[in-house]
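Asker: Input: one structure, supplied below.
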Amino acid sequence: MVKIIIIGSGNVAQHLIFAFEQERKKGGTIELIQAFTRKRETLVHLLDFDRIATEFSDLVEADLYIVAVSDDAISEVVSQLPFKNRLVVHTSGSVPLTALNEENRKGVFYPLQTFTKNKLVDFSSIPICLESENATDFQLLDKVAKSISNSVFAINTEQRKALHVAAVFVNNFTNHLYQIGNEICDENHVPFDILKPLIAETANKIMMLSPIDAQTGPAKRNDKVTIDAHEQFISNENQLTIYKILTQSIQENGKKL
């Protein structure tokens, strides 16, 4: 039985706790024996009271410690761990392996997904990117990851950084564009729901086509009349700047330098 402790109580930590608890109920070989949080009430809906620690000194011995906290807090948290030579991993997409201190064996357990509080996700389809300093630790991380996911990858720090940047473009920036679209609809008394089938089809297309082949629209067609009309319509300077930048990027995509 592989014994795990999760340190943290945010979105990633809570989704991991839920996933490991579901696996435990199936009678698997992975056991979440404890979770750490400063405020016990943040996790009581997921774990029994006696499996929640609120002091680092209360952490018990485990095979794997998953530090699922904000990027800025990782170094501070690992510096307070009261043990040595155990496997400690973080869940960040952008923080290097070296951010973990030398007191313990280091690794990364990065689930590449957007997590929202109180919205369940199917962990079996979430890619988990792994990194470690040695093969033995990687085998353990691989076993743990495969207990909750069918999509596990060995990804080094530079590759993970590239994935995280790419994820910001396809997720965070895209969602911000949804927000802008929603604002434009609201300002003109048009239901945003009318756009949802288009959003779904746009996402579905890249399951079968490359993004460059799926690209459509006035910028792709170089439809100057429509582009000029759009620019005249947009009164918000920030929205207009984004529209022009993205239009130019699409028009220049694929051109030889």
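Just so we're on the same page: first chain in the structure tokens is A, next is B, and so on; residues restart at 1 for each chain, and ligands are numbered from 1 in the order they show up.
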DSSP says strand (DSSP E) for which residues of segment 52-136 of chain A? Put them as a ChimeraX atom specification?
Answerer: /A:52-53,64-67,87-90,105-111,128-132
Asker: Show me, as number ranges by chain, the residues that have an atom within 12 Å of Gln22 of chain A when counting only C-alpha atoms, minus same-chain residues fewer than 2 positions from it.
Answerer: A: 15-20, 24-28, 30-32, 46-47, 122-124, 147-148
Asker: Take atom CA of Arg221 of chain A and atom CA of Ile250 of chain A and report the distance between them in Å, one decimal.
Answerer: 9.7 Å
Asker: Of the candidates A:Gln215, A:Thr202, A:Asn188, A:Asn172, which shows the shortest atom-to-atom distance to Ile234 of chain A, using only C-alpha atoms?
Answerer: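 Once distances to Ile234 of chain A are computed over only C-alpha atoms, the minimum belongs to A:Asn188.
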Asker: Which residue out of A:Asn150, A:Asn118, A:Gln179, A:Asn85 has the minimum interatomic distance to Ala62 of chain A when only C-alpha atoms are used?
Answerer: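 Of A:Asn150, A:Asn118, A:Gln179, A:Asn85, the one nearest Ala62 of chain A is A:Asn85, counting only C-alpha atoms.
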Asker: Identify, on the basis of only C-alpha atoms, every residue whose closest approach to Thr91 of chain A does not exceed 8 Å; exclude the query and any residue fewer than 3 positions from it along the same chain; express the result as a ChimeraX atom specification.
Answerer: /A:66-69,108-111
Asker: For the selection you just gave me, I'd like the residues written to a file as a compact mmCIF listing (two decimals), in the first residue's frame, keeping all heavy atoms.
Answerer:
```txt
# COMPACT_ATOMS: atom_id res chain seq x y z
N ILE A 66 2.55 15.25 -1.24
CA ILE A 66 2.19 16.09 -2.38
C ILE A 66 1.87 17.49 -1.87
O ILE A 66 0.88 17.69 -1.17
CB ILE A 66 0.99 15.52 -3.15
CG1 ILE A 66 1.31 14.10 -3.65
CG2 ILE A 66 0.62 16.43 -4.31
CD1 ILE A 66 0.15 13.42 -4.37
N VAL A 67 2.72 18.46 -2.23
CA VAL A 67 2.53 19.84 -1.79
C VAL A 67 1.70 20.56 -2.85
O VAL A 67 2.20 20.93 -3.91
CB VAL A 67 3.89 20.55 -1.59
CG1 VAL A 67 3.68 22.00 -1.16
CG2 VAL A 67 4.73 19.80 -0.55
N ALA A 68 0.42 20.74 -2.55
CA ALA A 68 -0.51 21.36 -3.49
C ALA A 68 -0.93 22.72 -2.96
O ALA A 68 -2.03 22.90 -2.43
CB ALA A 68 -1.73 20.46 -3.70
N VAL A 69 0.01 23.66 -3.07
CA VAL A 69 -0.24 25.03 -2.61
C VAL A 69 0.08 25.99 -3.76
O VAL A 69 0.56 25.58 -4.82
CB VAL A 69 0.62 25.37 -1.38
CG1 VAL A 69 0.27 24.44 -0.22
CG2 VAL A 69 2.12 25.28 -1.69
N VAL A 108 7.86 16.17 -9.12
CA VAL A 108 6.72 16.99 -9.57
C VAL A 108 5.57 16.06 -9.92
O VAL A 108 5.76 15.02 -10.57
CB VAL A 108 7.09 17.86 -10.78
CG1 VAL A 108 5.86 18.63 -11.28
CG2 VAL A 108 8.21 18.83 -10.43
N PHE A 109 4.37 16.45 -9.49
CA PHE A 109 3.13 15.71 -9.78
C PHE A 109 2.14 16.76 -10.26
O PHE A 109 1.38 17.33 -9.48
CB PHE A 109 2.66 15.02 -8.50
CG PHE A 109 1.56 14.02 -8.67
CD1 PHE A 109 1.85 12.66 -8.79
CD2 PHE A 109 0.23 14.40 -8.68
CE1 PHE A 109 0.83 11.72 -8.92
CE2 PHE A 109 -0.79 13.48 -8.82
CZ PHE A 109 -0.48 12.12 -8.94
N TYR A 110 2.18 17.05 -11.58
CA TYR A 110 1.45 18.19 -12.14
C TYR A 110 0.24 17.73 -12.95
O TYR A 110 0.37 17.26 -14.07
CB TYR A 110 2.41 19.00 -13.02
CG TYR A 110 1.77 20.08 -13.86
CD1 TYR A 110 0.84 20.98 -13.34
CD2 TYR A 110 2.13 20.23 -15.20
CE1 TYR A 110 0.28 21.98 -14.12
CE2 TYR A 110 1.58 21.23 -16.00
CZ TYR A 110 0.65 22.09 -15.45
OH TYR A 110 0.10 23.08 -16.23
N PRO A 111 -0.98 17.87 -12.38
CA PRO A 111 -2.18 17.57 -13.16
C PRO A 111 -2.53 18.77 -14.04
O PRO A 111 -2.82 19.85 -13.54
CB PRO A 111 -3.24 17.33 -12.09
CG PRO A 111 -2.76 18.04 -10.87
CD PRO A 111 -1.28 18.25 -11.01
```
Asker: Just checking: using only C-alpha atoms, which residue out of A:Ile199, A:Cys129, A:Ala162, A:Ala99 ends up closest to Asp142 of chain A?
Answerer: A:Cys129
Asker: Using only C-alpha atoms, which protein or nucleic acid residues come within 10 Å of Lys119 of chain A? Drop anything in the same chain fewer than 3 positions from it, and give the result as a PyMOL selection string.
Answerer: chain A and resi 11+15+115-116
Asker: Convert the current residue selection to file output with N, CA, C and O atoms, as a tab-separated table (two decimals), in the first residue's frame.
Answerer:
```
chain	number	residue	atom	x	y	z
A	11	ASN	N	-7.94	24.49	-4.51
A	11	ASN	CA	-8.66	23.74	-5.54
A	11	ASN	C	-7.96	22.45	-5.94
A	11	ASN	O	-8.58	21.38	-6.00
A	15	HIS	N	-9.35	18.61	-5.13
A	15	HIS	CA	-9.67	17.67	-6.21
A	15	HIS	C	-8.81	16.41	-6.12
A	15	HIS	O	-9.30	15.30	-6.40
A	115	PHE	N	-8.98	23.76	-12.47
A	115	PHE	CA	-9.79	23.27	-11.36
A	115	PHE	C	-10.60	24.41	-10.76
A	115	PHE	O	-10.06	25.49	-10.49
A	116	THR	N	-11.87	24.16	-10.57
A	116	THR	CA	-12.78	25.14	-9.99
A	116	THR	C	-13.43	24.54	-8.76
A	116	THR	O	-13.82	23.37	-8.77
```
Asker: Any idea what's packed within 12 Å of Leu240 of chain A, counting only C-alpha atoms, ignoring anything in its chain fewer than 3 positions away? Could you give it as JSON, numbers by chain?
Answerer: {"A": [180, 184, 227, 228, 229, 230, 231, 232, 233, 234, 235, 236, 237, 243, 244, 245, 246, 247]}
Asker: Since we have the selection now, will you write its residues out, keeping C-alpha atoms, as a tab-separated table (two decimals), in the first residue's frame?
Answerer:
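Full text of selection_1.tsv as output:
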```
chain	number	residue	atom	x	y	z
A	180	ILE	CA	-15.04	40.04	-23.44
A	184	ILE	CA	-20.15	42.85	-25.70
A	227	ILE	CA	-12.45	43.91	-40.08
A	228	ASP	CA	-12.79	47.68	-40.57
A	229	ALA	CA	-16.46	47.51	-39.62
A	230	HIS	CA	-15.63	45.57	-36.45
A	231	GLU	CA	-12.94	48.06	-35.47
A	232	GLN	CA	-15.34	50.96	-35.96
A	233	PHE	CA	-17.97	49.19	-33.87
A	234	ILE	CA	-15.70	48.45	-30.88
A	235	SER	CA	-15.68	51.49	-28.61
A	236	ASN	CA	-13.75	49.96	-25.73
A	237	GLU	CA	-10.05	50.73	-26.25
A	243	TYR	CA	-8.97	42.64	-31.54
A	244	LYS	CA	-6.19	44.28	-33.60
A	245	ILE	CA	-3.41	42.19	-32.03
A	246	LEU	CA	-5.24	38.90	-32.59
A	247	THR	CA	-6.28	39.89	-36.12
```
Asker: Using only C-alpha atoms, can you tell me which of A:Val170, A:Cys185, A:Met207, A:Ile33 comes closest to Met1 of chain A?
Answerer: A:Ile33
